[in-house]
Amino acid sequence: MVSSLDRKLLRDLSRTKGQVVAIAVVIACGVAMLVMCLTTLKSLENSQLTYYDRYRFAEVFALLKRAPESLKDRIQEVEGVARVQTRVVEGVVLDIEGMSEPAVGRLISIPETGEPVLNSLHLRSGRWVEVGRPGEVIVNEVFAENHGFKPGDKLRAVLNGSMEELRIVGIAMSPEYIIQMPEAALLPDDKRFGVFWMGRDQLEAAFNMESAFNDVTLTLLPGASEDEVIRRLDGLLERYGGVGAIGRHNQISNRFVSEEIQQLSAMAFILPTIFLGVAAFLLNIVLKRLIALEREQIAVLKAFGYSHWDVGWHYLKFVSVIALGGVALGTLLGIWFGRGMTAMYTEFYRFPVFGFDLDLGVIVIGAVVSLGAAFLGVFGAIRGAINLPPAEAMRPEPPANYNATLVDRLGLRKLLSQEARIVLRELGRKPGKAFFTSLGIAMSLAILVVGNYSQDAINYLQDFQFRLAERQDLTVSFFESVTGNAVNHLTSVDGVIAAEEFRSVPVRLRSGHLSKEVGIQGLVPKPELFRLMDADENVIPVPDEGLLLSAKLGELLQVSVGDVLTVEVLEDKRPIRQLTVTGLVNDFAGTAAYMERRALNAFMREGSRISGAYLKIDKKLTDEIYRELKETPMVASVSIKDAAMKSFQETFAENLLRMKLFNIGFACAIAVGVVYNSARISLSERSRDLGTLRVIGFTRGEISGILLGELGVVTAAAIPLGMGIGTGLVYLMSKGLETELYRIPFVVNPQTYAVAALVIMAASLICGLIVRRKLDKLDLVEVLKARI
Amino acid sequence: MPATVFSAKGITKVYSMGEVKVHALRGVDVELWEGEFTVLLGHSGSGKSTLLNILGGLDVPTEGTVTFRGEDMTAFDESELTQYRREHVGFVFQFYNLIPSLTARENVELVTDIAADPLDAKEALGLVGLGERLDHFPSQMSGGEQQRVAIARAIAKQPDVLLCDEPTGALDVHTGVAVLNAIERVNRELGTTTAVITHNAVIAEMAHRVIHLADGKITETAVNESRKRADELNW
Ligand SMILES: Nc1ncnc2c1ncn2[C@@H]1O[C@H](COP(=O)(O)OP(=O)(O)OP(=O)(O)O)[C@@H](O)[C@H]1O
Ligand SMILES: [Mg+2]
């Protein structure tokens, strides 16, 4: 049987159901966000690992020029190495029917019979390559989809200088190429970069690599030191032109995927914190008010022998019902969103496994965190109920203590209407409550600002990168460095307006125990096409001497201007020399290192050599230029800025847009929760006063003016506050979402602030109108008769 | 001579309000006996409620001792006081203090839920003549009816002592009599030791004993030779 006290609980809950639901919804938003992010995070991490496991994704990767197959045994003997796979990997220029833009491919060897030892393929359609059938390839699914390739289709590629026909026999995916990024690119490119797998014998024959390999990947024994294996491997490969082995965490596809998954954890922290904070605050004001209203009832309960703990527990149950309601709703929503989100990412990454992993731990975390926040919020209020001395039952609450407000003291009272003065005194009497109400509303505004921030950041980044910094239309890369005047050949192509040559050299930068593999980009002294920009949009001049680093790279290596770095060149003779850091540049994407081109040539002790050029072209002649470039033997690849821009948008826009919609919904939940609760509380606190005012002749309009005036002032104060908090959160987000691959700028569009303020004002207005309707229905007799 | 229920010796109660000290009780000695009906009379502010609160275990004296059936209540800690109130005391407050969200029956059950040997809620409400109003909320009842629910709530647990602070303060003569009748009946039929605070000297005629308070002290204790029934009182 339900005890009478629990019956009181149920009636209290149903009497305040509007408020109860509003708070539960705010809690639910926080929990949903948390559960969604954490389950998605866990699910994706699991899918990723399962995928890696099932298809034996390697743990260490190394490229080299050429080594005899016999070296494999020596690699196998390195302590800590489990399995070794040698391959032949070659870059090719593709010629695809109906596509004028140049595309490049990567051919990777696979055994004609049996599974690859490592980095196996998930065959989606077609079949494996067969022995003795030249030109058979399996193509990566993303690339195939982009071009509509099916098994049986053909395309042409330049293999070691001669045009060959490739016949697609299968379509597959590989854990090694979840993300397809051409060398030295910052972003995935699924259209102009394709990965193909070809039988080892075929590939060896085509590139004169018989009984040799130029790519080795391996897995480690449990407990083996990756660093140590890499060091030993580098030692073995050095004579064969090894460019430095990397661990899985540096493998480009894995790194891209892992970092993106990790960003979810930043999300899992910031927003739920806000929601649960606001919910705690709402519970606090609602419960404080309830307890103040029920002061005498509490005293009666105690007078009749209910203990302090019975009373405390009673109110704690009230809070728990709300919080658990919120947790239940939030968990369900979170699981639902999490499923959707996991499915979306799984599709985006094309994991062949869909492991939606609902971890009980996540639900427990959600419940514990939100119950904790709720209890923290009501701690003071419940302690008040517990400490209330029972003798109070006989004494009504002392009249509220009003003081002259600042307005009174300044002598401004004559300027204000009676209602305005009541509003100001009321606010002045409980400045704490007014402040926290403002803060709550401000939080919802802040969430809106944060929600729109991603959009702002993308727009800005795009504008910055592709309009201010990179003004070229095409980037041409050569197979190997050529003499500097090769650029003249490009300039002479019809339709090329300007060309700016560059030299790029793969290196490993070392500073003490810290090291980082990057490409040093040697630029012309005063670039017009590829400009270096700092975050304030200033053009940074290319230093005459020394090295200019991305600020982020400087941070990673812990160096500043004037410091000397050890530079290990990772090509040709692999000299190891010193360079001074002469500048740091705040760019947004990648970890880059720049030098003046001739200074770089000098550092390399080579003549005037270049690796490629940036071109500005006449767009009308695009196709002709492409054709010309394709026929230029030294050109290894051409990357197109418009394509990069598109890929950029596709990479970011879709996910972030979805988040934005969530945020708007969530922000409205908070705004309504806060405004509605404060208005209802003011109404219940003041109904007697307002009723009295009505009796002595104030109109309905005037008394709602008093109540809504308060709300208006509090909302108005919340707007600048919310903008400030929002800006602060944006800063935190920009830091929290920063990865090694890209930084996110700290910018907020003025429009974002304006929209957020409008949404909040609208939410306030709607709540105000709802409360006003209640006020209009105020039963004067009832109000004056009731003692509480 | 019946046994002593309460024995208060030299109790004082001082409220400190910042600088100002209010002496609500200044050395009160009093005994209440088993089954006795006592009326406390005195001007506003004379300390009546303070005394009753101390006897009921709602408050503790600043100085002095109070015993309940020989046990020193001033030595009770919080949970012992709660236990004491739960087991022995029924209160009736001047402003009824019903729980507005509970019906008459539920208000009574609030107390019977935690009592050792309670009356049935319906029976208790029957005793105060409200057997027909079980499922009404306080807001649906008149002041006198609410006060009778409060009495039913106090007596339903069959307390050893019934303490009433101006139970008729807000009522008209007719309902006042009905309420007093109910209290008297409990005292008579259940033998509950009863103390009633009032401003109305007429009510004193119902009592076995009348205690006068003024300025925090007992000024006079009078024993009524003959008691009147509630309906015989002349308001
Ligand atoms: N919590 C308190 N804080 C300060 N002073 C108090 C408090 N409670 C009572 N007093 C003071 O103690 C004195 C006695 O109060 P008490 O309530 O006992 O009077 P009373 O005889 O019941 O008066 P009434 O007939 O008006 O109810 C009064 O002067 C009162 O102001
Ligand atoms: Mg009193």
# chains A, B, ... in the order shown; residues from 1 in each chain; ligands from 1
$ interface_residues --of "chain B" --to "chain A" --cutoff "8 Å" --atoms "only C-alpha atoms" --output "list in words"
Asn53, Leu58, Asp59, Ser79, Thr82, Gln83, Tyr84, Arg85, Arg86, Glu87, Val89, Gly90, Phe91, Phe93, Gln94, Phe95, Asn97, Leu98, Ile99, Ser101, Leu102, Glu106, Asn107, Glu109, Leu110, Val111, Asp113 and Ile114 of chain B
$ select_by_dssp --residues "range 62-135 of chain B" --states "strand (DSSP E or B)" --output "ChimeraX atom specification"
/B:63-68,71-72,89-92
$ write_last_selection --atoms "N, CA and C atoms" --output "mmCIF file, in the first residue's frame"
data_model
loop_
_atom_site.group_PDB
_atom_site.id
_atom_site.type_symbol
_atom_site.label_atom_id
_atom_site.label_comp_id
_atom_site.auth_asym_id
_atom_site.auth_seq_id
_atom_site.Cartn_x
_atom_site.Cartn_y
_atom_site.Cartn_z
ATOM 1 N N GLU B 63 17.039 26.580 30.053
ATOM 2 C CA GLU B 63 17.473 26.040 31.335
ATOM 3 C C GLU B 63 16.334 25.255 31.960
ATOM 4 N N GLY B 64 16.691 24.450 32.977
ATOM 5 C CA GLY B 64 15.665 23.707 33.696
ATOM 6 C C GLY B 64 15.499 22.313 33.139
ATOM 7 N N THR B 65 14.686 21.501 33.818
ATOM 8 C CA THR B 65 14.481 20.134 33.360
ATOM 9 C C THR B 65 12.999 19.844 33.200
ATOM 10 N N VAL B 66 12.725 18.953 32.263
ATOM 11 C CA VAL B 66 11.353 18.476 32.074
ATOM 12 C C VAL B 66 11.440 16.960 32.075
ATOM 13 N N THR B 67 10.594 16.300 32.866
ATOM 14 C CA THR B 67 10.556 14.849 32.773
ATOM 15 C C THR B 67 9.208 14.427 32.242
ATOM 16 N N PHE B 68 9.249 13.336 31.470
ATOM 17 C CA PHE B 68 8.024 12.711 30.984
ATOM 18 C C PHE B 68 8.009 11.314 31.587
ATOM 19 N N GLU B 71 11.245 10.274 32.917
ATOM 20 C CA GLU B 71 12.436 10.343 32.066
ATOM 21 C C GLU B 71 12.791 11.787 31.780
ATOM 22 N N ASP B 72 14.081 12.091 31.836
ATOM 23 C CA ASP B 72 14.508 13.471 31.630
ATOM 24 C C ASP B 72 14.516 13.811 30.138
ATOM 25 N N VAL B 89 2.813 11.743 21.656
ATOM 26 C CA VAL B 89 2.174 13.054 21.616
ATOM 27 C C VAL B 89 1.243 13.229 20.427
ATOM 28 N N GLY B 90 0.085 13.844 20.680
ATOM 29 C CA GLY B 90 -0.772 14.297 19.595
ATOM 30 C C GLY B 90 -0.897 15.808 19.677
ATOM 31 N N PHE B 91 -0.681 16.477 18.525
ATOM 32 C CA PHE B 91 -0.767 17.942 18.512
ATOM 33 C C PHE B 91 -2.003 18.414 17.758
ATOM 34 N N VAL B 92 -2.568 19.510 18.256
ATOM 35 C CA VAL B 92 -3.571 20.233 17.465
ATOM 36 C C VAL B 92 -3.108 21.676 17.408
#
$ residues_near_ligand --ligand "ligand 1" --cutoff "7 Å" --atoms "only C-alpha atoms and all ligand atoms" --output "list in words"
Tyr15, Ser16, Met17, Val22, His23, Ala24, Gly42, His43, Ser44, Gly45, Ser46, Gly47, Lys48, Ser49, Thr50, Leu51 and His199 of chain B
$ residues_around --residues "Ile11 in chain B" --least-positions-apart "4" --cutoff "10 Å" --atoms "only C-alpha atoms" --output "list in words"
Leu25, Arg26, Gly27, Val28, Asp29, Val30, Leu51, Ile54, Val60, Pro61, Thr62, Glu63, Gly64, Thr65, Val66, Gly216 and Lys217 of chain B
$ write_last_selection --atoms "N, CA, C and O atoms" --output "PDB file, in the first residue's frame"
ATOM      1  N   LEU B  25      10.064  32.306  28.621  1.00  0.00           N
ATOM      2  CA  LEU B  25       9.712  31.663  29.898  1.00  0.00           C
ATOM      3  C   LEU B  25      10.792  32.033  30.916  1.00  0.00           C
ATOM      4  O   LEU B  25      11.977  32.017  30.605  1.00  0.00           O
ATOM      5  N   ARG B  26      10.351  32.378  32.120  1.00  0.00           N
ATOM      6  CA  ARG B  26      11.329  32.783  33.132  1.00  0.00           C
ATOM      7  C   ARG B  26      11.154  31.952  34.388  1.00  0.00           C
ATOM      8  O   ARG B  26      10.659  32.439  35.389  1.00  0.00           O
ATOM      9  N   GLY B  27      11.497  30.700  34.359  1.00  0.00           N
ATOM     10  CA  GLY B  27      11.426  29.863  35.556  1.00  0.00           C
ATOM     11  C   GLY B  27      10.026  29.337  35.801  1.00  0.00           C
ATOM     12  O   GLY B  27       9.304  29.840  36.647  1.00  0.00           O
ATOM     13  N   VAL B  28       9.656  28.337  35.061  1.00  0.00           N
ATOM     14  CA  VAL B  28       8.310  27.764  35.204  1.00  0.00           C
ATOM     15  C   VAL B  28       8.425  26.389  35.870  1.00  0.00           C
ATOM     16  O   VAL B  28       9.235  25.559  35.459  1.00  0.00           O
ATOM     17  N   ASP B  29       7.649  26.182  36.921  1.00  0.00           N
ATOM     18  CA  ASP B  29       7.532  24.852  37.537  1.00  0.00           C
ATOM     19  C   ASP B  29       6.103  24.409  37.338  1.00  0.00           C
ATOM     20  O   ASP B  29       5.179  25.132  37.696  1.00  0.00           O
ATOM     21  N   VAL B  30       5.937  23.225  36.773  1.00  0.00           N
ATOM     22  CA  VAL B  30       4.571  22.761  36.562  1.00  0.00           C
ATOM     23  C   VAL B  30       4.556  21.240  36.473  1.00  0.00           C
ATOM     24  O   VAL B  30       5.539  20.616  36.077  1.00  0.00           O
ATOM     25  N   LEU B  51       5.749  27.035  26.194  1.00  0.00           N
ATOM     26  CA  LEU B  51       5.672  25.966  27.172  1.00  0.00           C
ATOM     27  C   LEU B  51       5.145  24.670  26.554  1.00  0.00           C
ATOM     28  O   LEU B  51       5.708  23.583  26.743  1.00  0.00           O
ATOM     29  N   ILE B  54       7.613  22.928  24.408  1.00  0.00           N
ATOM     30  CA  ILE B  54       8.653  22.233  25.174  1.00  0.00           C
ATOM     31  C   ILE B  54       8.104  20.905  25.708  1.00  0.00           C
ATOM     32  O   ILE B  54       8.758  19.862  25.609  1.00  0.00           O
ATOM     33  N   VAL B  60      13.374  22.771  23.019  1.00  0.00           N
ATOM     34  CA  VAL B  60      14.025  22.427  24.290  1.00  0.00           C
ATOM     35  C   VAL B  60      14.215  23.700  25.109  1.00  0.00           C
ATOM     36  O   VAL B  60      14.445  24.776  24.551  1.00  0.00           O
ATOM     37  N   PRO B  61      14.100  23.595  26.451  1.00  0.00           N
ATOM     38  CA  PRO B  61      14.248  24.801  27.260  1.00  0.00           C
ATOM     39  C   PRO B  61      15.709  25.253  27.305  1.00  0.00           C
ATOM     40  O   PRO B  61      16.613  24.456  27.075  1.00  0.00           O
ATOM     41  N   THR B  62      15.890  26.540  27.556  1.00  0.00           N
ATOM     42  CA  THR B  62      17.254  27.053  27.698  1.00  0.00           C
ATOM     43  C   THR B  62      17.858  26.549  29.004  1.00  0.00           C
ATOM     44  O   THR B  62      19.018  26.162  29.064  1.00  0.00           O
ATOM     45  N   GLU B  63      17.039  26.580  30.053  1.00  0.00           N
ATOM     46  CA  GLU B  63      17.473  26.040  31.335  1.00  0.00           C
ATOM     47  C   GLU B  63      16.334  25.255  31.960  1.00  0.00           C
ATOM     48  O   GLU B  63      15.187  25.434  31.596  1.00  0.00           O
ATOM     49  N   GLY B  64      16.691  24.450  32.977  1.00  0.00           N
ATOM     50  CA  GLY B  64      15.665  23.707  33.696  1.00  0.00           C
ATOM     51  C   GLY B  64      15.499  22.313  33.139  1.00  0.00           C
ATOM     52  O   GLY B  64      16.116  21.953  32.127  1.00  0.00           O
ATOM     53  N   THR B  65      14.686  21.501  33.818  1.00  0.00           N
ATOM     54  CA  THR B  65      14.481  20.134  33.360  1.00  0.00           C
ATOM     55  C   THR B  65      12.999  19.844  33.200  1.00  0.00           C
ATOM     56  O   THR B  65      12.165  20.420  33.898  1.00  0.00           O
ATOM     57  N   VAL B  66      12.725  18.953  32.263  1.00  0.00           N
ATOM     58  CA  VAL B  66      11.353  18.476  32.074  1.00  0.00           C
ATOM     59  C   VAL B  66      11.440  16.960  32.075  1.00  0.00           C
ATOM     60  O   VAL B  66      12.278  16.387  31.379  1.00  0.00           O
ATOM     61  N   GLY B 216       5.877  35.014  31.017  1.00  0.00           N
ATOM     62  CA  GLY B 216       6.819  33.905  31.142  1.00  0.00           C
ATOM     63  C   GLY B 216       6.812  33.219  32.484  1.00  0.00           C
ATOM     64  O   GLY B 216       7.692  32.387  32.751  1.00  0.00           O
ATOM     65  N   LYS B 217       5.849  33.566  33.341  1.00  0.00           N
ATOM     66  CA  LYS B 217       5.802  32.897  34.642  1.00  0.00           C
ATOM     67  C   LYS B 217       4.387  32.401  34.912  1.00  0.00           C
ATOM     68  O   LYS B 217       3.420  32.948  34.392  1.00  0.00           O
TER      69      LYS B 217
END
$ decode --residues "range 64-79 of chain B" --atoms "N, CA, C and O atoms" --output "mmCIF file, in the first residue's frame"
data_model
loop_
_atom_site.group_PDB
_atom_site.id
_atom_site.type_symbol
_atom_site.label_atom_id
_atom_site.label_comp_id
_atom_site.auth_asym_id
_atom_site.auth_seq_id
_atom_site.Cartn_x
_atom_site.Cartn_y
_atom_site.Cartn_z
ATOM 1 N N GLY B 64 16.691 24.450 32.977
ATOM 2 C CA GLY B 64 15.665 23.707 33.696
ATOM 3 C C GLY B 64 15.499 22.313 33.139
ATOM 4 O O GLY B 64 16.116 21.953 32.127
ATOM 5 N N THR B 65 14.686 21.501 33.818
ATOM 6 C CA THR B 65 14.481 20.134 33.360
ATOM 7 C C THR B 65 12.999 19.844 33.200
ATOM 8 O O THR B 65 12.165 20.420 33.898
ATOM 9 N N VAL B 66 12.725 18.953 32.263
ATOM 10 C CA VAL B 66 11.353 18.476 32.074
ATOM 11 C C VAL B 66 11.440 16.960 32.075
ATOM 12 O O VAL B 66 12.278 16.387 31.379
ATOM 13 N N THR B 67 10.594 16.300 32.866
ATOM 14 C CA THR B 67 10.556 14.849 32.773
ATOM 15 C C THR B 67 9.208 14.427 32.242
ATOM 16 O O THR B 67 8.191 15.078 32.457
ATOM 17 N N PHE B 68 9.249 13.336 31.470
ATOM 18 C CA PHE B 68 8.024 12.711 30.984
ATOM 19 C C PHE B 68 8.009 11.314 31.587
ATOM 20 O O PHE B 68 8.900 10.516 31.330
ATOM 21 N N ARG B 69 7.005 11.048 32.424
ATOM 22 C CA ARG B 69 6.916 9.770 33.147
ATOM 23 C C ARG B 69 8.260 9.391 33.753
ATOM 24 O O ARG B 69 8.738 8.257 33.614
ATOM 25 N N GLY B 70 8.890 10.392 34.369
ATOM 26 C CA GLY B 70 10.128 10.138 35.098
ATOM 27 C C GLY B 70 11.386 10.199 34.248
ATOM 28 O O GLY B 70 12.498 10.198 34.774
ATOM 29 N N GLU B 71 11.245 10.274 32.917
ATOM 30 C CA GLU B 71 12.436 10.343 32.066
ATOM 31 C C GLU B 71 12.791 11.787 31.780
ATOM 32 O O GLU B 71 11.909 12.599 31.477
ATOM 33 N N ASP B 72 14.081 12.091 31.836
ATOM 34 C CA ASP B 72 14.508 13.471 31.630
ATOM 35 C C ASP B 72 14.516 13.811 30.138
ATOM 36 O O ASP B 72 15.400 13.402 29.394
ATOM 37 N N MET B 73 13.523 14.583 29.712
ATOM 38 C CA MET B 73 13.436 14.925 28.282
ATOM 39 C C MET B 73 14.517 15.877 27.829
ATOM 40 O O MET B 73 14.866 15.918 26.649
ATOM 41 N N THR B 74 15.033 16.676 28.767
ATOM 42 C CA THR B 74 16.051 17.645 28.360
ATOM 43 C C THR B 74 17.347 16.940 27.949
ATOM 44 O O THR B 74 18.214 17.529 27.330
ATOM 45 N N ALA B 75 17.444 15.648 28.336
ATOM 46 C CA ALA B 75 18.639 14.905 27.930
ATOM 47 C C ALA B 75 18.448 14.183 26.586
ATOM 48 O O ALA B 75 19.373 13.588 26.070
ATOM 49 N N PHE B 76 17.235 14.265 26.043
ATOM 50 C CA PHE B 76 16.959 13.564 24.775
ATOM 51 C C PHE B 76 17.737 14.189 23.619
ATOM 52 O O PHE B 76 17.853 15.414 23.544
ATOM 53 N N ASP B 77 18.220 13.343 22.758
ATOM 54 C CA ASP B 77 18.801 13.909 21.525
ATOM 55 C C ASP B 77 17.717 13.966 20.445
ATOM 56 O O ASP B 77 16.559 13.582 20.699
ATOM 57 N N GLU B 78 18.109 14.446 19.276
ATOM 58 C CA GLU B 78 17.127 14.649 18.209
ATOM 59 C C GLU B 78 16.270 13.417 17.953
ATOM 60 O O GLU B 78 15.054 13.486 17.892
ATOM 61 N N SER B 79 16.934 12.263 17.835
ATOM 62 C CA SER B 79 16.157 11.097 17.427
ATOM 63 C C SER B 79 15.293 10.595 18.588
ATOM 64 O O SER B 79 14.204 10.070 18.367
#
